[in-house]
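Raw contents of upload_3.txt, compact mmCIF, C-alpha atoms and all ligand atoms:
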```txt
# COMPACT_ATOMS: atom_id res chain seq x y z
CA MET I 1 -13.18 27.71 19.26
CA GLN I 2 -10.04 25.97 20.45
CA LEU I 3 -9.00 22.78 18.64
CA ASN I 4 -7.52 20.09 20.83
CA ASP I 5 -3.74 19.54 20.93
CA LYS I 6 -3.71 16.41 18.85
CA ILE I 7 -5.40 17.99 15.83
CA LYS I 8 -4.66 21.71 16.04
CA ASN I 9 -1.43 21.50 14.00
CA LEU I 10 -2.55 18.88 11.48
CA GLU I 11 -2.64 19.74 7.79
CA PRO I 12 -5.01 18.08 5.29
CA TYR I 13 -3.25 15.49 3.13
CA GLU I 14 -2.29 17.17 -0.09
CA PRO I 15 -0.50 15.42 -2.92
CA GLU I 16 1.89 17.45 -5.04
CA ARG I 17 -0.06 19.97 -7.12
CA GLY I 18 0.78 21.13 -10.59
CA ASN I 19 0.61 19.73 -14.04
CA PHE I 20 3.00 16.83 -14.53
CA PRO I 21 2.72 14.96 -17.83
CA ILE I 22 4.34 11.97 -16.14
CA ARG I 23 3.24 10.96 -12.64
CA LEU I 24 5.20 8.11 -11.14
CA ASP I 25 4.66 9.23 -7.56
CA ALA I 26 1.69 7.32 -6.14
CA ASN I 27 2.21 3.65 -7.09
CA GLU I 28 -0.98 3.60 -9.15
CA SER I 29 -1.45 1.26 -12.11
CA PHE I 30 -0.62 2.76 -15.51
CA LEU I 31 -3.24 0.59 -17.24
CA PRO I 32 -6.65 2.08 -18.03
CA LEU I 33 -9.69 -0.20 -18.14
CA PRO I 34 -10.28 -1.44 -21.69
CA GLU I 35 -12.99 0.44 -23.61
CA LYS I 36 -15.30 -2.58 -23.65
CA MET I 37 -15.10 -2.97 -19.88
CA GLN I 38 -15.72 0.76 -19.42
CA GLN I 39 -18.91 0.42 -21.44
CA ARG I 40 -20.11 -2.66 -19.56
CA LEU I 41 -19.36 -0.84 -16.33
CA ALA I 42 -21.29 2.26 -17.42
CA LYS I 43 -24.31 0.07 -18.04
CA VAL I 44 -24.12 -1.61 -14.65
CA LEU I 45 -23.67 1.71 -12.85
CA SER I 46 -26.51 3.44 -14.69
CA SER I 47 -29.04 0.89 -13.44
CA LEU I 48 -28.25 1.23 -9.72
CA PRO I 49 -30.98 2.51 -7.35
CA LEU I 50 -28.95 5.41 -5.98
CA ARG I 51 -31.80 6.73 -3.82
CA ARG I 52 -31.26 3.64 -1.64
CA TYR I 53 -28.45 3.05 0.86
CA PRO I 54 -25.82 0.58 -0.24
CA ASP I 55 -25.37 -2.91 1.27
CA PRO I 56 -23.58 -2.24 4.58
CA LEU I 57 -21.71 -5.55 4.35
CA ALA I 58 -20.87 -5.10 0.66
CA GLU I 59 -21.53 -8.81 0.20
CA GLU I 60 -21.29 -9.09 -3.56
CA VAL I 61 -17.95 -7.34 -3.88
CA CYS I 62 -16.58 -9.25 -0.87
CA CYS I 63 -17.55 -12.50 -2.62
CA LYS I 64 -15.84 -11.45 -5.85
CA PHE I 65 -12.74 -10.47 -3.91
CA ALA I 66 -12.78 -13.81 -2.05
CA ASP I 67 -13.22 -15.72 -5.33
CA PHE I 68 -10.35 -13.90 -6.99
CA TYR I 69 -7.99 -14.75 -4.12
CA GLY I 70 -9.39 -18.21 -3.35
CA ILE I 71 -10.53 -17.55 0.21
CA SER I 72 -13.86 -17.65 2.08
CA PRO I 73 -16.05 -14.50 1.86
CA SER I 74 -16.97 -14.90 5.54
CA LEU I 75 -13.43 -13.76 6.40
CA VAL I 76 -13.67 -10.49 4.44
CA CYS I 77 -14.70 -6.93 5.35
CA ALA I 78 -14.73 -4.14 2.74
CA GLY I 79 -13.49 -0.64 3.41
CA ASN I 80 -13.47 2.77 1.76
CA GLY I 81 -9.92 2.13 0.64
CA SER I 82 -7.67 0.12 2.91
CA ASP I 83 -6.83 3.49 4.41
CA GLU I 84 -10.23 3.54 6.11
CA LEU I 85 -9.61 0.06 7.51
CA ILE I 86 -6.25 1.19 8.92
CA SER I 87 -8.04 4.13 10.51
CA VAL I 88 -10.73 1.91 12.08
CA LEU I 89 -8.19 -0.65 13.31
CA CYS I 90 -5.99 2.02 14.88
CA GLY I 91 -8.92 3.95 16.32
CA SER I 92 -11.11 1.14 17.63
CA PHE I 93 -8.91 -1.89 18.24
CA THR I 94 -6.67 0.06 20.63
CA LYS I 95 -7.28 2.08 23.77
CA LYS I 96 -5.78 5.43 24.69
CA GLY I 97 -2.21 4.95 25.90
CA ASP I 98 -1.72 1.52 24.28
CA ARG I 99 1.64 0.97 22.67
CA VAL I 100 1.66 0.29 18.93
CA VAL I 101 4.81 -0.88 17.15
CA VAL I 102 5.66 0.33 13.64
CA ILE I 103 8.82 -0.47 11.67
CA GLU I 104 10.03 2.67 9.92
CA PRO I 105 10.34 3.84 7.26
CA ASP I 106 6.93 2.39 6.37
CA PHE I 107 3.53 3.67 5.16
CA SER I 108 3.13 7.00 6.98
CA MET I 109 -0.57 6.53 7.76
CA TYR I 110 0.20 3.93 10.45
CA ARG I 111 1.90 6.51 12.64
CA PHE I 112 -0.72 9.13 11.79
CA TYR I 113 -3.82 7.13 12.78
CA THR I 114 -2.08 5.61 15.80
CA SER I 115 -1.24 9.07 17.18
CA LEU I 116 -4.78 10.30 16.50
CA ALA I 117 -6.02 7.38 18.59
CA GLU I 118 -3.82 8.68 21.44
CA CYS I 119 -1.67 5.58 21.41
CA GLU I 120 2.04 5.60 22.01
CA VAL I 121 3.92 4.92 18.78
CA VAL I 122 6.94 2.68 19.32
CA SER I 123 9.09 2.97 16.22
CA LEU I 124 11.61 0.28 15.36
CA GLN I 125 14.02 1.90 12.89
CA LYS I 126 15.25 -0.05 9.89
CA GLY I 127 19.01 -0.12 9.32
CA GLN I 128 20.96 1.06 6.26
CA ASP I 129 19.96 -2.05 4.29
CA MET I 130 16.26 -1.38 5.09
CA ARG I 131 15.75 -5.05 6.01
CA ILE I 132 13.44 -6.16 8.81
CA ASP I 133 14.85 -8.56 11.39
CA PRO I 134 11.89 -10.68 12.61
CA ASP I 135 13.57 -11.39 15.96
CA GLN I 136 14.12 -7.70 16.60
CA VAL I 137 10.44 -7.06 15.82
CA ILE I 138 9.35 -9.78 18.24
CA GLN I 139 11.65 -8.41 20.92
CA THR I 140 10.36 -4.83 20.47
CA VAL I 141 6.73 -5.95 20.68
CA ARG I 142 7.39 -8.05 23.80
CA GLU I 143 9.55 -5.55 25.65
CA ASN I 144 6.95 -2.84 25.17
CA GLY I 145 3.91 -4.99 25.85
CA ALA I 146 2.55 -3.63 22.54
CA LYS I 147 -1.15 -4.08 21.77
CA MET I 148 -0.70 -3.80 18.01
CA LEU I 149 1.99 -4.28 15.37
CA LEU I 150 1.46 -2.71 11.97
CA PHE I 151 3.62 -3.08 8.90
CA SER I 152 3.43 -3.39 5.12
CA ASN I 153 4.73 -6.46 3.31
CA PRO I 154 6.12 -5.93 0.73
CA CYS I 155 7.03 -2.57 2.20
CA ASN I 156 6.09 0.84 0.85
CA PRO I 157 8.50 2.70 0.49
CA THR I 158 11.45 0.26 0.66
CA SER I 159 10.05 -2.24 -1.92
CA LEU I 160 11.54 -5.10 0.13
CA GLY I 161 9.57 -8.08 1.37
CA LEU I 162 9.63 -10.56 4.22
CA SER I 163 9.14 -14.18 3.25
CA ARG I 164 6.02 -16.01 4.40
CA GLU I 165 8.11 -17.95 6.91
CA GLU I 166 9.57 -14.76 8.39
CA VAL I 167 6.08 -13.29 8.86
CA ARG I 168 4.88 -16.57 10.41
CA ARG I 169 7.81 -16.35 12.82
CA ILE I 170 6.74 -12.85 13.86
CA LEU I 171 3.14 -14.03 14.29
CA ARG I 172 4.21 -16.94 16.48
CA GLY I 173 6.60 -14.74 18.46
CA VAL I 174 4.39 -11.82 19.46
CA GLY I 175 1.89 -13.70 21.63
CA ASP I 176 -1.61 -12.28 21.20
CA THR I 177 -0.61 -8.79 20.05
CA LEU I 178 -2.82 -7.85 17.10
CA VAL I 179 -0.76 -7.96 13.90
CA VAL I 180 -2.02 -5.79 11.02
CA LEU I 181 -0.25 -7.05 7.91
CA ASP I 182 -0.72 -4.63 5.02
CA GLU I 183 -0.32 -6.59 1.79
CA ALA I 184 -1.10 -3.65 -0.53
CA TYR I 185 1.67 -4.78 -2.92
CA MET I 186 1.40 -8.55 -2.53
CA ASP I 187 -0.25 -8.77 -5.97
CA PHE I 188 3.29 -8.24 -7.27
CA TRP I 189 4.89 -10.97 -5.16
CA ASP I 190 4.12 -14.52 -4.05
CA GLN I 191 4.49 -14.54 -0.27
CA SER I 192 0.92 -13.76 0.80
CA LEU I 193 -0.49 -15.04 4.06
CA LEU I 194 -4.09 -14.64 2.84
CA GLY I 195 -4.55 -18.41 2.93
CA GLU I 196 -3.41 -18.74 6.54
CA THR I 197 -5.70 -16.54 8.60
CA ASP I 198 -7.24 -19.73 10.01
CA LYS I 199 -3.95 -20.43 11.81
CA PHE I 200 -3.64 -17.02 13.53
CA ASP I 201 -6.47 -15.47 15.53
CA HIS I 202 -4.48 -12.24 16.05
CA LEU I 203 -3.85 -11.48 12.37
CA VAL I 204 -5.61 -8.98 10.08
CA ILE I 205 -4.44 -8.80 6.47
CA LEU I 206 -5.21 -5.69 4.41
CA ARG I 207 -5.47 -5.64 0.63
CA THR I 208 -6.32 -2.78 -1.72
CA CYS I 209 -7.82 -2.30 -5.18
CA SER I 210 -5.65 0.82 -5.67
CA LYS I 211 -2.44 -0.76 -6.95
CA MET I 212 -2.32 -3.85 -9.18
CA LEU I 213 -6.10 -3.88 -9.62
CA GLY I 214 -5.92 -0.35 -11.04
CA LEU I 215 -8.86 1.19 -9.15
CA ALA I 216 -7.32 3.86 -6.91
CA GLY I 217 -10.14 6.26 -7.78
CA LEU I 218 -12.84 3.86 -6.58
CA ARG I 219 -11.63 3.78 -2.96
CA LEU I 220 -11.94 0.10 -2.15
CA GLY I 221 -9.91 -2.08 0.19
CA PHE I 222 -10.41 -5.27 2.16
CA ALA I 223 -9.52 -6.78 5.51
CA VAL I 224 -9.17 -10.54 5.88
CA ALA I 225 -9.17 -12.19 9.31
CA GLN I 226 -10.89 -14.81 11.43
CA LYS I 227 -14.59 -14.32 12.05
CA PRO I 228 -14.48 -12.71 15.51
CA LEU I 229 -12.11 -10.00 14.25
CA ILE I 230 -14.13 -9.46 11.07
CA ARG I 231 -17.32 -9.20 13.12
CA ALA I 232 -15.69 -6.56 15.34
CA LEU I 233 -14.40 -4.63 12.32
CA ARG I 234 -17.85 -4.63 10.72
CA ALA I 235 -19.29 -3.39 14.00
CA CYS I 236 -16.77 -0.53 14.31
CA LYS I 237 -16.79 0.83 10.77
CA SER I 238 -19.41 3.33 9.70
CA PRO I 239 -22.40 1.36 8.39
CA TYR I 240 -22.43 2.59 4.80
CA ASN I 241 -18.70 3.00 4.36
CA VAL I 242 -18.49 1.70 0.79
CA GLY I 243 -20.77 3.43 -1.72
CA MET I 244 -23.05 1.58 -4.11
CA LEU I 245 -21.11 2.73 -7.20
CA THR I 246 -17.85 1.50 -5.71
CA GLN I 247 -19.32 -1.85 -4.68
CA ALA I 248 -20.76 -2.48 -8.14
CA ALA I 249 -17.69 -1.32 -10.05
CA GLY I 250 -15.38 -3.30 -7.76
CA ALA I 251 -17.45 -6.47 -8.18
CA ALA I 252 -17.44 -6.06 -11.97
CA VAL I 253 -13.68 -5.54 -12.25
CA LEU I 254 -12.81 -8.32 -9.78
CA SER I 255 -14.73 -10.72 -12.06
CA GLU I 256 -12.45 -9.90 -15.01
CA THR I 257 -9.82 -12.45 -14.09
CA VAL I 258 -8.24 -12.68 -17.54
CA PHE I 259 -7.82 -8.91 -17.74
CA LEU I 260 -6.41 -8.75 -14.21
CA GLU I 261 -3.84 -11.51 -14.77
CA GLU I 262 -2.77 -9.73 -17.94
CA ALA I 263 -2.49 -6.46 -16.02
CA ARG I 264 -0.33 -8.11 -13.38
CA ARG I 265 2.02 -9.45 -16.07
CA LYS I 266 2.26 -6.09 -17.85
CA ILE I 267 2.97 -4.16 -14.66
CA LEU I 268 5.62 -6.68 -13.60
CA ASN I 269 7.29 -6.36 -17.01
CA ALA I 270 7.27 -2.58 -16.73
CA ARG I 271 8.68 -2.83 -13.21
CA ASP I 272 11.50 -5.14 -14.37
CA GLU I 273 12.30 -2.76 -17.22
CA LEU I 274 12.43 0.22 -14.86
CA TYR I 275 14.50 -1.66 -12.30
CA THR I 276 17.04 -2.87 -14.87
CA GLY I 277 17.32 0.63 -16.30
CA ILE I 278 17.96 2.26 -12.93
CA LYS I 279 20.26 -0.56 -11.86
CA ALA I 280 22.45 0.23 -14.90
CA LEU I 281 22.91 3.76 -13.53
CA GLU I 282 23.99 2.53 -10.10
CA ARG I 283 27.28 3.93 -8.81
CA PRO I 284 28.77 3.59 -5.34
CA GLY I 285 28.25 6.75 -3.32
CA VAL I 286 25.97 8.28 -5.96
CA LEU I 287 23.05 5.95 -6.54
CA GLN I 288 22.09 2.74 -4.76
CA VAL I 289 19.12 0.68 -5.97
CA PHE I 290 17.20 -1.74 -3.74
CA PRO I 291 15.72 -5.01 -4.96
CA THR I 292 11.96 -4.78 -5.50
CA CYS I 293 8.94 -7.03 -4.99
CA THR I 294 6.47 -4.23 -5.77
CA ASN I 295 5.42 -2.05 -8.73
CA PHE I 296 7.98 0.61 -7.83
CA VAL I 297 11.72 1.04 -7.44
CA PHE I 298 13.32 2.44 -4.30
CA CYS I 299 16.74 4.03 -4.52
CA ARG I 300 19.09 6.07 -2.39
CA LEU I 301 20.90 9.07 -3.81
CA ALA I 302 23.72 11.26 -2.66
CA ASP I 303 21.72 14.25 -3.84
CA SER I 304 18.06 13.21 -3.90
CA LEU I 305 16.56 16.71 -3.64
CA ARG I 306 18.45 17.99 -6.68
CA VAL I 307 17.55 14.94 -8.77
CA PHE I 308 13.91 15.16 -7.65
CA GLU I 309 13.73 18.84 -8.63
CA PHE I 310 15.53 18.18 -11.93
CA LEU I 311 12.93 15.54 -12.87
CA LYS I 312 10.10 17.82 -11.75
CA GLN I 313 11.35 20.52 -14.10
CA LYS I 314 11.15 17.97 -16.90
CA GLY I 315 7.52 17.29 -16.01
CA ILE I 316 8.19 13.99 -14.22
CA LEU I 317 6.87 13.63 -10.70
CA ILE I 318 8.25 10.91 -8.43
CA ARG I 319 8.24 10.57 -4.65
CA ARG I 320 11.07 11.81 -2.45
CA ILE I 321 11.43 10.51 1.08
CA GLY I 322 14.46 12.21 2.65
CA LYS I 323 17.53 11.00 0.81
CA ASP I 324 15.57 8.29 -0.93
CA LEU I 325 13.47 8.24 -4.07
CA ARG I 326 10.50 6.03 -4.88
CA ILE I 327 9.61 5.65 -8.56
CA THR I 328 6.43 3.89 -9.75
CA ALA I 329 6.62 1.75 -12.87
CA GLY I 330 4.83 3.48 -15.75
CA THR I 331 4.22 2.76 -19.41
CA LYS I 332 7.15 1.86 -21.68
CA GLU I 333 7.32 5.47 -22.86
CA GLU I 334 7.12 6.92 -19.35
CA ASN I 335 9.84 4.59 -18.07
CA ALA I 336 12.09 5.42 -21.02
CA LEU I 337 11.68 9.16 -20.43
CA LEU I 338 12.27 8.78 -16.70
CA LEU I 339 15.43 6.77 -17.30
CA ARG I 340 16.75 9.28 -19.82
CA GLU I 341 16.18 12.24 -17.52
CA LEU I 342 17.47 10.39 -14.49
CA GLN I 343 20.69 9.72 -16.37
CA ASN I 344 20.85 13.40 -17.36
CA ALA I 345 20.32 14.43 -13.75
CA LEU I 346 23.09 12.15 -12.53
CA GLU I 347 25.50 13.40 -15.21
CA ALA I 348 24.75 16.99 -14.36
CA GLN I 349 25.58 16.10 -10.79
CA THR I 350 29.06 14.68 -11.42
CA VAL I 351 30.45 17.55 -13.54
C1 LIG H 401 -1.42 2.63 -1.33
C2 LIG H 401 -1.33 1.98 0.00
C3 LIG H 401 -2.46 1.80 0.79
C4 LIG H 401 -3.73 2.58 0.53
O1 LIG H 401 -4.62 1.92 -0.16
P1 LIG H 401 -6.07 2.54 -0.40
O2 LIG H 401 -6.85 1.29 -0.52
O3 LIG H 401 -5.97 3.33 -1.65
O4 LIG H 401 -6.48 3.34 0.78
C5 LIG H 401 -2.36 1.11 1.98
N1 LIG H 401 -1.17 0.64 2.39
C6 LIG H 401 -0.06 0.80 1.66
C7 LIG H 401 1.23 0.27 2.17
C8 LIG H 401 -0.11 1.50 0.46
O5 LIG H 401 1.01 1.74 -0.22
```
Turn the structure described in the file into structure tokens.
Amino acid sequence: MQLNDKIKNLEPYEPERGNFPIRLDANESFLPLPEKMQQRLAKVLSSLPLRRYPDPLAEEVCCKFADFYGISPSLVCAGNGSDELISVLCGSFTKKGDRVVVIEPDFSMYRFYTSLAECEVVSLQKGQDMRIDPDQVIQTVRENGAKMLLFSNPCNPTSLGLSREEVRRILRGVGDTLVVLDEAYMDFWDQSLLGETDKFDHLVILRTCSKMLGLAGLRLGFAVAQKPLIRALRACKSPYNVGMLTQAAGAAVLSETVFLEEARRKILNARDELYTGIKALERPGVLQVFPTCTNFVFCRLADSLRVFEFLKQKGILIRRIGKDLRITAGTKEENALLLRELQNALEAQTV
């Protein structure tokens, strides 16, 4: 059996294997659910009729999501992680040969799903400062007659964000090109466009429960857009895409507003601590740290591979992207250990 050209050389996604006492590589939350919530959750989950199919529209969890963010549930579609929603948008909202603009470096799945859909990926490369110039984005979309523009804001991996007004400018400038705005990290910043989907009929916003909300293992994400787009998304996804356990657990955790606000504050504190610590190690030509509006710190190193391997040897896993490193904020202890070993790595480098 001969696999077709577009899939024959693909490898399954495989995160770094091995036993690392400290994992700061995947931008997950470091906060476990409190014991009491775990117990309440166990009770809810144990009473579910698992022989039945789940609610295909995942109405309860969509309502809880909408309540938490102060929007209307009619504008929400749930996905098996926002990853699934990216896959459906790239696969079904485009046609073979369409041009899709991405702004790189960005979340690697955009390019992946777009290529699988046999679209032409038009990549606008970020400059040394990793900033996005809205006018350049508009120009690239227009010149190429792109059918879709996909980007994360704030950006993974650069940790930088575009202001609300800059994103509005892009939305106004690209005509009716579909704009997929991935706000996976917007829980750590205050420039969300969630409240403005009524103004833009070509905008889909993606959110995830995997980062601030601390539920990466559940696989739950959401798309927010005007009704015609949401209707189309619901029609294109597989009918039972979000399992009953995930729907119930997601609804329960999204109702815990006090816990979630506390979690946001704790993660932001940890992020500030990590950022300040790394910033203190900054040296021209050796280590450059970027400002962050996420739960991770992005930095550029003269010798990123050596530092990455050094930390790995110490049992600390972070993410390396070429000459750049991305480090997720962890607990106080994890951040302190990371900072100590990062300093050791840098000192080893200069002697
Ligand atoms: C983590 C991440 C996601 C994936 O979220 P899931 O809901 O876990 O699939 C999507 N987009 C960006 C930019 C991310 O960093």
Mind listing the residues within 6 Å of ligand LIG 401 (chain H), only C-alpha atoms and all ligand atoms counted, as a CSV table (one decimal) with C-alpha atoms, in the frame of the given file?
```csv
chain,number,residue,atom,x,y,z
I,81,GLY,CA,-9.9,2.1,0.6
I,82,SER,CA,-7.7,0.1,2.9
I,83,ASP,CA,-6.8,3.5,4.4
I,107,PHE,CA,3.5,3.7,5.2
I,152,SER,CA,3.4,-3.4,5.1
I,156,ASN,CA,6.1,0.8,0.8
I,182,ASP,CA,-0.7,-4.6,5.0
I,184,ALA,CA,-1.1,-3.6,-0.5
I,208,THR,CA,-6.3,-2.8,-1.7
I,209,CYS,CA,-7.8,-2.3,-5.2
I,210,SER,CA,-5.6,0.8,-5.7
I,216,ALA,CA,-7.3,3.9,-6.9
I,219,ARG,CA,-11.6,3.8,-3.0
I,220,LEU,CA,-11.9,0.1,-2.2
I,221,GLY,CA,-9.9,-2.1,0.2
```
Fewer than 2 positions away in the same chain doesn't count, so skip those; otherwise give me all residues within 9 Å of I:Met148, counting all atoms listed in the file, as a list in words.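 The residues satisfying every condition are Cys90, Phe93, Thr94, Asp98, Arg99, Val100, Val101, Val102, Val141, Ala146, Leu150, Thr177, Leu178, Val179 and Val180 of chain I.
The residue set within 7 Å of I:Arg264, counting all atoms listed in the file and dropping same-chain residues fewer than 4 places from it, reads I:Met212, I:Leu260, I:Leu268.
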Go ahead and save the picked residues with C-alpha atoms, as a compact mmCIF listing (two decimals), keeping the file's coordinate frame.
```txt
# COMPACT_ATOMS: atom_id res chain seq x y z
CA MET I 212 -2.32 -3.85 -9.18
CA LEU I 260 -6.41 -8.75 -14.21
CA LEU I 268 5.62 -6.68 -13.60
```
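You can rank I:Val88, I:Ala336, I:Ala252, I:Ile22 by their closest distance to I:Tyr113 using all atoms listed in the file, and at the top of that list sits I:Val88.
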Figure out the distance between atom CA of I:Glu28 and atom CA of I:Ala225, please, to one decimal in Å. 25.6 Å
Option closest in space to I:Leu317, from I:Ala232, I:Glu262, I:Gly330, I:Asn80 [counting all atoms listed in the file]: I:Gly330
Contacts of stretch 295-307 of chain I within 8 Å, all atoms listed in the file, excl. fewer than 2 positions in-chain, as JSON, numbers by chain: {"I": [27, 157, 158, 159, 185, 188, 212, 267, 268, 271, 274, 275, 285, 286, 287, 288, 289, 290, 291, 292, 293, 309, 310, 311, 320, 322, 323, 324, 325, 326, 327, 328, 329, 342, 345, 346]}
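For the set I:Ser29, I:Asn19, I:Thr197, I:Gln125, the residue with the smallest atom-to-atom gap to I:Gln226 is I:Thr197, counting all atoms listed in the file.
Restricting the calculation to only C-alpha atoms, the smallest distance between I:Pro228 and any of I:Thr257, I:Asn241, I:Ser74, I:Ser47 is found for I:Ser74.
Of note, atom CA of I:Met244 and atom CA of I:Cys62 are spaced 13.0 Å apart.
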May I have a table of the residues of stretch 181-238 of chain I lying at most 9 Å from stretch 69-73 of chain I, giving each one's closest pair of atoms and their distance in Å to one decimal, counting all atoms listed in the file, ordered by chain and ascending residue number, as JSON lines?
```
{"residue": "I:Leu194", "atom": "CA", "partner": "I:Ile71", "partner_atom": "CA", "distance": 7.5}
{"residue": "I:Gly195", "atom": "CA", "partner": "I:Ile71", "partner_atom": "CA", "distance": 6.6}
{"residue": "I:Val224", "atom": "CA", "partner": "I:Pro73", "partner_atom": "CA", "distance": 8.9}
```
Restricting the calculation to only C-alpha atoms: of I:Phe308, I:Tyr13, I:Phe222, I:Trp189, which residue gets closest to I:Arg265?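 Distance minimum relative to I:Arg265 lands on I:Trp189.
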